[in-house]
Amino acid sequence: MSRSRHLGKIRKRLEDVKSQWVRPARADFSDNESARLATDALLDGGPEAYWRVLSQEGEVDFLSSVEAQYIQAQAWERPCPPDTLGGAETGPKGLDSSSLQSGTYFPVASEGSEPALLHSWASAEKPYLKDKSSATVYFQTDKHNNIRDLVRRCITRTSQVLVILMDVFTDVEIFCDILEAANKRGVFVCVLLDQGGVKLFQEMCDKIQISDSHLKNISIRSVEGEVYCAKSGRKFAGQIREKFIISDWRFVLSGSYSFTWLCGHVHRNILSKFTGQAVEPFDEEFRHLYASSKPVMGLKSPRLVAPVPTGAAPANGHLSSSSGSASDRTSSNPFSGLSAGSHPLPESKQNKTKTKTTLWFLVAFS
């Protein structure tokens, strides 16, 4: 007597959408247990175990070759106690679907508590809330607003604080812009790099002979994506694919652009500029990521040691509220003359908000 063939969630849907006789089903966004079991098997036993579970579960091969290689290359093990795994028994490592069954446990969810946020920012004055909200989109094909030039102009015209979240950073010219902003104009710079891109960044620093002594006002830190944990305790971390720049807590540049020569000259990219309340989600995301980041180079833990009187410069000049006459003459709007959606501040207003912006940033990192 023949047994009915078990179909995995994706395979069943594929058969349904291929058939002209099956009516469309309601969208199902629930987790795919078969896919989870197969991913666990790949982590624990490699490709053969992965294919065996797919066969047992009647599921299709849902991972590309690049994804499968990434999971295996990034796998690492840190034993998890049974209670950490939602009460599931760890037991011996089995690689078939019956031994890998885990009930309701789904490893994509974080097992640890959420990292502590920089709560002091919530009560501080947020400069971007004073500006009108706007969004402008730029494409690589727009020769009048070259994306690389927009990024460099943003860095060049930042007068107080520059925050950067980036996946890959190997563009030496952009790095020179950052070094000049920090060392010549007293701008504080915090760069969060994807952990996978740290090696390339350090290679660039070695080639151009840059060390910690050149990063007096710069903090380079690393951060990872979400962590997938298999039932056995083996894990792998995802990548940071978000990319954005916050300038003086007033403007954001975000898009597909990476700090590489190829992105600047041959890859097609998109870049968006946000002002006003649209900056707030980027502010919050940066705080989340900063809380879980690790120091790589430069300042390890920026901290305000003592209250700074209004108009006075912080000790050691690391986060000076006065960045020199050149900086004073620079508009806080890095897009002036490029877009009608930009709103440059009058010079008197810039001077009044300058010290407040710096002090707020100091409190945020204390």
# chains A, B, ... in the order shown; residues from 1 in each chain; ligands from 1
$ closest_atom_pairs --of "range 231-279 of chain A" --to "range 205-224 of chain A" --cutoff "9 Å" --atoms "only C-alpha atoms" --output "Markdown table"
| residue | atom | partner | partner_atom | distance |
| --- | --- | --- | --- | --- |
| A:Ala237 | CA | A:Glu224 | CA | 6.5 |
| A:Gly238 | CA | A:Glu224 | CA | 6.4 |
| A:Gln239 | CA | A:Glu224 | CA | 5.6 |
| A:Ile240 | CA | A:Glu224 | CA | 6.0 |
$ residues_around --residues "range 169-174 of chain A" --least-positions-apart "4" --cutoff "9 Å" --atoms "only C-alpha atoms" --output "list in words"
Arg148, Val151, Arg152, Ile155, Ile178, Leu179, Leu193, Gly197, Val198, Leu200, Phe201, Gln202, Glu203, Met204, Cys205, Ile208, Ser258, Phe259, Thr260, Trp261, Leu262 and Gly264 of chain A
$ atom_distance --atom1 "CA of Leu150 in chain A" --atom2 "CA of Glu285 in chain A"
22.4 Å
$ closest_residue --among "A:Thr141, A:Met166, A:Leu289, A:Gly58" --to "Ile270 in chain A" --atoms "only C-alpha atoms"
A:Thr141
$ closest_atom_pairs --of "range 183-240 of chain A" --to "range 36-43 of chain A" --cutoff "8 Å" --atoms "only C-alpha atoms" --output "tab-separated table"
residue	atom	partner	partner_atom	distance
A:Ala230	CA	A:Asp40	CA	5.2
A:Lys231	CA	A:Asp40	CA	7.1
A:Ser232	CA	A:Asp40	CA	7.9
A:Arg234	CA	A:Leu43	CA	6.7
A:Lys235	CA	A:Leu43	CA	7.6
$ atom_distance --atom1 "CA of Tyr257 in chain A" --atom2 "CA of Asn269 in chain A"
5.6 Å
$ residues_around --residues "Leu165 in chain A" --least-positions-apart "2" --cutoff "6 Å" --atoms "only C-alpha atoms" --output "ChimeraX atom specification"
/A:191-192,243-244
$ closest_residue --among "A:Asp283, A:Asp131, A:Ser256, A:Glu67" --to "Leu162 in chain A" --atoms "only C-alpha atoms"
A:Asp283
$ select_by_dssp --residues "range 87-289 of chain A" --states "strand (DSSP E or B)" --output "ChimeraX atom specification"
/A:134-139,161-166,169,188-194,218-223,227-229,234-237,244-247,251-255,259,270-275
$ atom_distance --atom1 "CA of Leu54 in chain A" --atom2 "CA of Lys12 in chain A"
13.3 Å
$ closest_residue --among "A:Trp249, A:Val187, A:Val22, A:Arg157" --to "Glu125 in chain A" --atoms "only C-alpha atoms"
A:Trp249
